[in-house]
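Asker: For reference, the file model_8.cif (mmCIF, C-alpha atoms) is included below:
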```
data_query
#
loop_
_atom_site.label_atom_id
_atom_site.label_comp_id
_atom_site.auth_asym_id
_atom_site.auth_seq_id
_atom_site.Cartn_x
_atom_site.Cartn_y
_atom_site.Cartn_z
CA MET A 69 -24.61 -1.50 21.70
CA LYS A 70 -20.82 -1.57 21.99
CA TYR A 71 -20.91 -5.39 22.25
CA ILE A 72 -23.19 -5.69 19.22
CA THR A 73 -20.70 -3.58 17.23
CA LEU A 74 -17.86 -5.82 18.38
CA LEU A 75 -19.80 -9.00 17.50
CA LEU A 76 -20.71 -7.76 14.04
CA SER A 77 -17.14 -6.63 13.47
CA VAL A 78 -15.84 -10.11 14.28
CA LEU A 79 -18.27 -11.55 11.74
CA LEU A 80 -17.65 -9.02 9.01
CA VAL A 81 -14.02 -7.97 9.12
CA SER A 82 -11.95 -10.87 7.85
CA ALA A 83 -8.24 -11.51 8.23
CA ALA A 84 -5.69 -10.39 5.71
CA ALA A 85 -5.23 -12.38 2.53
CA LEU A 86 -1.84 -12.43 0.88
CA ALA A 87 -1.59 -12.19 -2.89
CA HIS A 88 0.76 -13.31 -5.59
CA GLY A 89 2.89 -10.58 -7.14
CA ASN A 90 1.13 -10.33 -10.46
CA PHE A 91 2.63 -7.33 -12.22
CA GLU A 92 3.73 -7.98 -15.75
CA HIS A 93 7.18 -6.67 -16.62
CA VAL A 94 7.28 -5.49 -20.22
CA MET A 95 10.87 -4.98 -21.35
CA GLY A 96 11.68 -3.94 -24.89
CA THR A 97 11.74 -1.12 -27.43
CA VAL A 98 8.95 1.38 -27.98
CA SER A 99 7.41 0.78 -31.41
CA LYS A 100 4.41 3.12 -31.19
CA ILE A 101 2.97 5.83 -28.94
CA ALA A 102 -0.66 6.75 -29.56
CA GLY A 103 -2.77 8.74 -27.12
CA ASN A 104 -2.59 7.00 -23.78
CA SER A 105 -1.10 3.76 -25.08
CA ILE A 106 2.46 2.58 -25.62
CA THR A 107 3.27 -0.38 -27.86
CA VAL A 108 6.49 -2.23 -27.10
CA THR A 109 8.36 -4.86 -29.07
CA THR A 110 9.59 -7.01 -26.20
CA VAL A 111 12.88 -8.86 -25.89
CA ASN A 112 10.82 -11.98 -26.64
CA ARG A 113 9.90 -10.31 -29.98
CA GLU A 114 6.25 -9.99 -29.03
CA SER A 115 4.21 -6.83 -29.47
CA LYS A 116 2.56 -5.64 -26.28
CA THR A 117 0.44 -2.55 -25.75
CA VAL A 118 0.01 -0.94 -22.35
CA THR A 119 -2.21 1.97 -21.38
CA VAL A 120 -1.12 4.82 -19.15
CA ASP A 121 -3.15 7.11 -16.94
CA ALA A 122 -2.61 9.98 -14.51
CA ALA A 123 -1.34 7.58 -11.84
CA THR A 124 1.37 6.06 -14.07
CA LYS A 125 4.84 6.94 -12.81
CA PHE A 126 7.37 7.83 -15.54
CA ILE A 127 11.06 7.69 -14.62
CA LYS A 128 13.76 8.78 -17.05
CA SER A 129 17.33 8.04 -15.94
CA GLY A 130 16.22 7.89 -12.32
CA ALA A 131 14.30 11.20 -12.36
CA ALA A 132 10.58 11.92 -12.65
CA ALA A 133 9.43 12.37 -16.25
CA GLY A 134 6.27 12.21 -18.37
CA LEU A 135 4.91 10.41 -21.40
CA GLY A 136 6.14 13.35 -23.53
CA GLY A 137 9.74 12.39 -22.77
CA LEU A 138 9.34 8.93 -24.28
CA LYS A 139 9.87 8.36 -28.01
CA VAL A 140 9.69 5.53 -30.53
CA GLY A 141 12.92 3.50 -30.44
CA ASP A 142 13.59 4.07 -26.73
CA ARG A 143 14.41 1.07 -24.57
CA VAL A 144 11.78 0.81 -21.87
CA VAL A 145 10.86 -1.28 -18.84
CA ILE A 146 7.18 -1.15 -17.89
CA HIS A 147 5.61 -2.67 -14.79
CA ALA A 148 1.96 -3.17 -15.66
CA LYS A 149 -1.09 -4.51 -13.94
CA PRO A 150 -3.35 -6.82 -15.99
CA SER A 151 -6.83 -5.30 -16.09
CA GLY A 152 -9.28 -7.47 -18.04
CA THR A 153 -7.74 -7.85 -21.49
CA THR A 154 -5.52 -4.77 -21.16
CA LEU A 155 -2.30 -3.94 -19.35
CA GLN A 156 -2.36 -0.83 -17.16
CA ALA A 157 1.09 0.71 -16.67
CA VAL A 158 2.03 1.43 -13.07
CA GLU A 159 5.65 2.45 -13.75
CA VAL A 160 7.46 3.26 -16.99
CA ARG A 161 11.28 3.46 -16.82
CA PHE A 162 13.48 4.59 -19.68
CA GLY A 163 16.85 6.21 -20.27
CA GLU A 164 20.17 5.04 -18.83
CA THR A 165 19.93 4.34 -15.11
CA PRO A 166 22.22 6.22 -12.73
CA LYS A 167 24.50 4.16 -10.52
CA ALA A 168 23.06 3.73 -7.03
CA PRO A 169 25.33 4.99 -4.24
CA SER A 170 26.94 2.35 -2.07
CA PRO A 171 24.77 1.44 0.90
CA GLN A 172 25.82 3.09 4.18
CA HIS A 173 25.27 1.34 7.48
CA MET B 113 -44.68 -5.01 30.30
CA LYS B 114 -43.93 -2.44 27.62
CA SER B 115 -40.11 -2.68 28.12
CA TRP B 116 -40.36 -6.51 28.05
CA LYS B 117 -42.09 -6.34 24.66
CA SER B 118 -39.62 -3.85 23.25
CA GLY B 119 -36.76 -6.11 24.46
CA ILE B 120 -38.20 -9.04 22.49
CA GLY B 121 -38.67 -6.76 19.48
CA PHE B 122 -35.03 -5.61 19.63
CA THR B 123 -33.72 -9.18 19.98
CA GLY B 124 -35.93 -10.24 17.06
CA LEU B 125 -34.52 -7.42 14.94
CA ILE B 126 -30.95 -8.49 15.73
CA LEU B 127 -31.81 -12.12 14.87
CA VAL B 128 -33.33 -11.07 11.54
CA LEU B 129 -30.22 -9.00 10.77
CA LEU B 130 -27.91 -11.91 11.63
CA ILE B 131 -29.96 -14.33 9.50
CA ALA B 132 -29.89 -11.87 6.58
CA LEU B 133 -26.14 -11.48 7.05
CA GLY B 134 -25.63 -15.26 7.15
CA ALA B 135 -27.71 -15.69 3.98
CA ALA B 136 -25.71 -12.96 2.23
CA ILE B 137 -22.42 -14.63 3.22
CA LEU B 138 -23.62 -18.05 2.00
CA ARG B 139 -24.69 -16.50 -1.30
CA ARG B 140 -21.68 -14.24 -1.94
CA GLY B 141 -18.93 -16.05 -0.05
CA PHE B 142 -16.35 -14.29 2.11
CA SER B 143 -13.81 -13.12 -0.39
CA ALA B 144 -11.17 -10.49 0.33
CA ARG B 145 -11.38 -9.41 -3.32
CA THR B 146 -14.64 -7.52 -3.01
CA PRO B 147 -14.29 -3.99 -1.69
CA PRO B 148 -15.71 -3.47 1.80
CA SER B 149 -19.29 -2.18 1.84
CA ALA B 150 -19.99 1.24 3.34
CA PHE B 151 -21.30 -0.56 6.44
CA GLU B 152 -18.11 -2.62 6.78
CA SER B 153 -15.94 0.50 6.33
CA LEU B 154 -17.96 2.29 8.99
CA LEU B 155 -17.58 -0.66 11.36
CA ALA B 156 -13.85 -0.96 10.68
CA ARG B 157 -13.29 2.74 11.39
CA GLY B 158 -15.43 2.44 14.51
CA MET B 159 -13.39 -0.57 15.63
CA ARG B 160 -10.15 1.32 15.04
CA ARG B 161 -11.39 4.16 17.23
CA LEU B 162 -12.63 1.75 19.93
CA ALA B 163 -9.26 -0.03 19.85
CA VAL B 164 -7.40 3.05 21.12
CA PRO B 165 -7.94 3.81 24.81
CA SER B 166 -8.90 7.45 25.37
CA ALA B 167 -5.82 8.12 27.53
CA ASP B 168 -3.55 6.93 24.68
CA ARG B 169 -5.47 8.98 22.12
CA HIS B 170 -4.43 12.20 23.81
CA ARG B 171 -0.76 11.36 24.40
CA ALA B 172 1.56 14.00 23.00
CA ASN B 173 4.40 13.09 20.64
CA PRO B 174 7.68 13.47 22.56
CA PHE B 175 9.54 14.27 19.31
CA THR B 176 9.42 17.15 16.83
CA ALA B 177 9.78 16.78 13.08
CA THR B 178 13.36 17.86 12.34
CA PRO B 179 14.88 16.99 8.93
CA GLU B 180 17.21 14.47 10.62
CA LEU B 181 14.36 12.74 12.44
CA LEU B 182 12.21 12.60 9.29
CA ALA B 183 15.13 11.09 7.35
CA GLU B 184 15.55 8.39 10.01
CA ALA B 185 11.82 7.63 10.01
CA ARG B 186 11.78 7.63 6.19
CA HIS B 187 14.44 4.89 6.06
CA HIS B 188 12.51 2.94 8.68
CA PHE B 189 9.21 3.33 6.81
CA ALA B 190 10.77 2.25 3.50
CA ASP B 191 12.23 -0.83 5.14
CA HIS B 192 9.29 -1.95 7.32
CA CYS B 193 6.05 -0.30 6.14
CA ALA B 194 6.27 0.37 2.41
CA GLY B 195 5.66 -3.28 1.46
CA CYS B 196 1.95 -2.73 2.21
CA HIS B 197 1.58 1.06 2.41
CA GLY B 198 3.88 2.03 -0.49
CA ASN B 199 6.69 4.57 -0.13
CA ASP B 200 4.26 7.45 -0.61
CA GLY B 201 1.65 5.99 1.78
CA ARG B 202 -0.99 5.56 -0.92
CA GLY B 203 -1.28 1.82 -0.21
CA ASN B 204 -1.31 0.92 -3.90
CA THR B 205 1.06 -2.03 -3.59
CA THR B 206 0.26 -5.62 -4.57
CA LEU B 207 0.12 -6.57 -0.91
CA GLY B 208 -1.71 -3.46 0.30
CA GLU B 209 -4.40 -3.75 -2.37
CA SER B 210 -4.94 -7.44 -1.60
CA LEU B 211 -5.60 -6.97 2.10
CA PHE B 212 -9.09 -6.77 3.55
CA PRO B 213 -9.63 -4.02 4.35
CA LYS B 214 -7.16 -2.61 1.81
CA ALA B 215 -4.26 -0.56 3.13
CA PRO B 216 -5.60 3.01 3.36
CA ASP B 217 -4.27 6.04 1.51
CA MET B 218 -2.60 7.55 4.55
CA ARG B 219 -2.37 11.02 2.97
CA LYS B 220 -6.15 11.32 3.26
CA PRO B 221 -8.07 12.89 6.17
CA GLU B 222 -9.21 9.48 7.53
CA THR B 223 -5.59 8.93 8.63
CA GLN B 224 -4.29 12.50 8.88
CA ASN B 225 -7.11 13.46 11.26
CA LEU B 226 -5.98 10.82 13.76
CA THR B 227 -4.04 12.22 16.71
CA ASP B 228 -0.33 11.41 17.12
CA GLY B 229 -1.38 9.28 20.09
CA GLU B 230 -3.74 7.25 17.89
CA LEU B 231 -1.12 6.81 15.16
CA TYR B 232 1.43 5.71 17.76
CA TYR B 233 -1.02 3.25 19.33
CA ILE B 234 -1.94 1.73 15.95
CA ILE B 235 1.71 1.31 14.89
CA HIS B 236 2.76 -0.01 18.30
CA ASN B 237 -0.19 -2.34 18.93
CA GLY B 238 -1.56 -3.12 15.46
CA VAL B 239 -5.24 -3.33 14.55
CA ARG B 240 -7.16 -6.56 15.03
CA PHE B 241 -8.89 -8.17 12.05
CA THR B 242 -6.78 -6.18 9.58
CA GLY B 243 -3.34 -6.74 8.07
CA MET B 244 -1.78 -4.20 10.47
CA PRO B 245 0.62 -6.01 12.84
CA ALA B 246 1.83 -4.77 16.23
CA TRP B 247 5.31 -3.42 15.52
CA GLY B 248 6.21 -2.26 19.00
CA ALA B 249 8.10 -4.28 21.58
CA ASP B 250 7.56 -3.90 25.32
CA GLY B 251 8.91 -0.68 26.78
CA PRO B 252 9.58 2.70 25.20
CA ASP B 253 9.02 2.77 21.46
CA ASP B 254 10.60 5.88 19.98
CA ASP B 255 10.40 4.49 16.45
CA SER B 256 6.59 4.45 16.44
CA TRP B 257 6.44 8.10 17.59
CA LYS B 258 8.89 9.05 14.82
CA LEU B 259 6.84 7.13 12.26
CA ALA B 260 3.75 9.07 13.37
CA LEU B 261 5.61 12.29 12.46
CA PHE B 262 6.70 10.81 9.13
CA ILE B 263 3.07 9.94 8.29
CA ARG B 264 2.30 13.69 8.62
CA HIS B 265 5.06 14.32 6.06
CA LEU B 266 3.78 11.85 3.40
CA SER B 267 2.02 14.38 1.21
CA GLN B 268 5.18 16.54 1.04
CA LEU B 269 7.60 13.79 -0.06
CA THR B 270 9.97 14.94 -2.81
CA GLN B 271 11.05 12.84 -5.80
CA GLN B 272 14.53 12.72 -4.24
CA GLU B 273 13.13 11.29 -1.01
CA LEU B 274 11.04 8.73 -2.93
CA ALA B 275 14.11 7.65 -4.94
CA GLU B 276 16.05 7.15 -1.69
CA MET B 277 13.19 5.10 -0.29
CA GLU B 278 13.18 2.83 -3.34
CA ARG B 279 16.80 1.99 -2.57
CA ASP B 280 15.83 1.21 1.06
CA ASN B 281 12.93 -1.10 0.14
CA PRO B 282 13.76 -4.71 1.03
CA LYS B 283 14.24 -6.90 -2.02
CA SER B 284 14.60 -10.64 -2.43
CA GLU B 285 17.55 -12.09 -4.37
CA SER B 286 15.36 -12.72 -7.42
CA GLU B 287 13.99 -9.17 -7.29
CA GLN B 288 17.52 -7.79 -7.10
CA ALA B 289 18.57 -9.95 -10.06
CA GLU B 290 15.53 -8.84 -12.02
CA GLU B 291 16.18 -5.17 -11.24
CA GLN B 292 19.80 -5.60 -12.32
CA GLU B 293 18.68 -7.21 -15.59
CA GLU B 294 16.29 -4.31 -16.24
CA ASP B 295 18.97 -1.71 -15.46
CA ASP B 296 21.44 -3.51 -17.75
CA PHE B 297 18.85 -3.51 -20.52
CA LEU B 298 18.17 0.23 -20.10
CA ASN B 299 21.94 0.84 -20.14
CA GLY B 300 22.22 -0.78 -23.56
CA LYS B 301 23.28 -4.32 -22.76
CA PRO B 302 21.73 -7.11 -24.82
CA ALA B 303 18.67 -8.72 -23.23
CA HIS B 304 17.83 -12.39 -22.98
CA PRO B 305 14.31 -13.70 -23.62
CA HIS B 306 12.50 -14.40 -20.34
CA SER B 307 9.15 -14.73 -18.63
CA ASP B 308 7.20 -11.47 -18.26
CA GLN B 309 5.06 -12.52 -15.27
CA HIS B 310 6.32 -11.66 -11.78
#
```
Output the structure of this file as structure tokens.
Answerer:
Amino acid sequence: MKYITLLLSVLLVSAAALAHGNFEHVMGTVSKIAGNSITVTTVNRESKTVTVDAATKFIKSGAAAGLGGLKVGDRVVIHAKPSGTTLQAVEVRFGETPKAPSPQH
Amino acid sequence: MKSWKSGIGFTGLILVLLIALGAAILRRGFSARTPPSAFESLLARGMRRLAVPSADRHRANPFTATPELLAEARHHFADHCAGCHGNDGRGNTTLGESLFPKAPDMRKPETQNLTDGELYYIIHNGVRFTGMPAWGADGPDDDSWKLALFIRHLSQLTQQELAEMERDNPKSESEQAEEQEEDDFLNGKPAHPHSDQH
């Protein structure tokens, strides 16, 4: 039975497949916040709307934050995953970024 | 006579299963995009268990989880493991989600219920037919034991620890330039039009 399991495993479990990095980076100014969506006027002067959910990570000035901390007019950088015709936000960064400490080796 | 007949019956059943499997593969293809079926997941977990010799399964971790040791393992994890597993071990990275099987959420019981010996063996020797490579060199491998302790700590990671890990994550030159551009934009500098896809 052990050999049958091994044989079937060889047939069924395929090798790893690498993927392209396909996050969309939305960089611009918040023009609208409605429910679970954020609309951004990008630096390319396009309007893009992303949706957020419980898994979306909000970072304000390097610290954990929430959607409530974001307001219209804020500069924002959103890393979003295309999902069908919508963009699902994975990470939303806003506020001035703190300087990273010098690397120590 | 009876055992001879049952032997033919069993072989026939296996043949039918293999033919059905072959037909399913020809019809659906062999894409890594589709999530593994329950049967495949069961087989993969079974294979992972079979891959660890019983003597290794019960090996005790020679280290204890001090803050200093966890900090060392955290830096190591951020540098070597987070590309697939994510800093928090959830596996929700572009690479981790594109593997077949996908990188597991290591905070869940399927990983946390493994012994330290099993975690060590998997890190040191890798897992065949998955994206998990063998990280260990010949000889003593303290790093893999320390990583096993860090995996126990994943569900208690603080925001401060996660922020430190983000700084430790390896980045290409273009990723560093992109991150700098984003930081400059957030700090009020004028932005230049660019491509959004990365």
Asker: Near stretch 208-220 of chain B, within 10 Å and counting only C-alpha atoms, which residues show up once chain neighbours fewer than 3 positions away are dropped, as a ChimeraX atom specification?
Answerer: /A:81-88 /B:143-148,152-153,156,194-198,200-205,223-225,241-244,263-268
Asker: Counting only C-alpha atoms, which residue out of A:Phe91, A:Ser115, A:Val98, A:Asp121 sits closest to A:Phe162?
Answerer: A:Val98
Asker: Evaluate the PyMOL selection byres ((chain A and resi 117) around 6) on the structure here and hand back the selected residues as a PDB file with C-alpha atoms, keeping the file's coordinate frame.
Answerer:
```
ATOM      1  CA  ILE A 106       2.460   2.580 -25.620  1.00  0.00           C
ATOM      2  CA  THR A 107       3.270  -0.380 -27.860  1.00  0.00           C
ATOM      3  CA  LYS A 116       2.560  -5.640 -26.280  1.00  0.00           C
ATOM      4  CA  VAL A 118       0.010  -0.940 -22.350  1.00  0.00           C
TER       5      VAL A 118
END
```
Asker: Would you please work out which residue, of A:Glu114, A:Ser105, A:Thr97, A:Glu159, is nearest to A:Ala132 when using all atoms listed in the file?
Answerer: A:Glu159
Asker: Using all atoms listed in the file, pick whichever of B:Ala167, B:Met159, B:Ile234, B:Cys193 has the shortest atom-to-atom distance to chain A.
Answerer: B:Met159
Asker: How would you write, as JSON, numbers by chain, the residues chosen by the PyMOL selection byres ((chain A and resi 144) around 12) on this structure?
Answerer: {"A": [93, 94, 95, 96, 97, 98, 99, 106, 107, 108, 109, 110, 111, 118, 126, 127, 128, 129, 135, 137, 138, 139, 140, 141, 142, 143, 145, 146, 147, 157, 159, 160, 161, 162, 163, 164, 165], "B": [294, 295, 296, 297, 298, 299, 300, 303]}
Asker: What is the distance, in Å and to one decimal place, between atom CA of B:His192 and atom CA of B:Glu287?
Answerer: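 So the answer is 17.0 Å.
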Asker: Determine the nearest neighbour of chain A from the options B:Gly119, B:Pro305, B:Gly248, B:Gly229, counting only C-alpha atoms.
Answerer: B:Pro305
Asker: Out of A:Gly134, A:Val120, A:Lys100, A:Ala148, which residue has the shortest atom-to-atom distance to chain B when counting only C-alpha atoms?
Answerer: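 Ranking A:Gly134, A:Val120, A:Lys100, A:Ala148 by distance to chain B, first place goes to A:Ala148.
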Asker: Using only C-alpha atoms, which of A:Thr119, A:Lys125, A:Ala102, A:Ala131 sits nearest chain B?
Answerer: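 Using only C-alpha atoms, the shortest distance to chain B belongs to A:Ala131.
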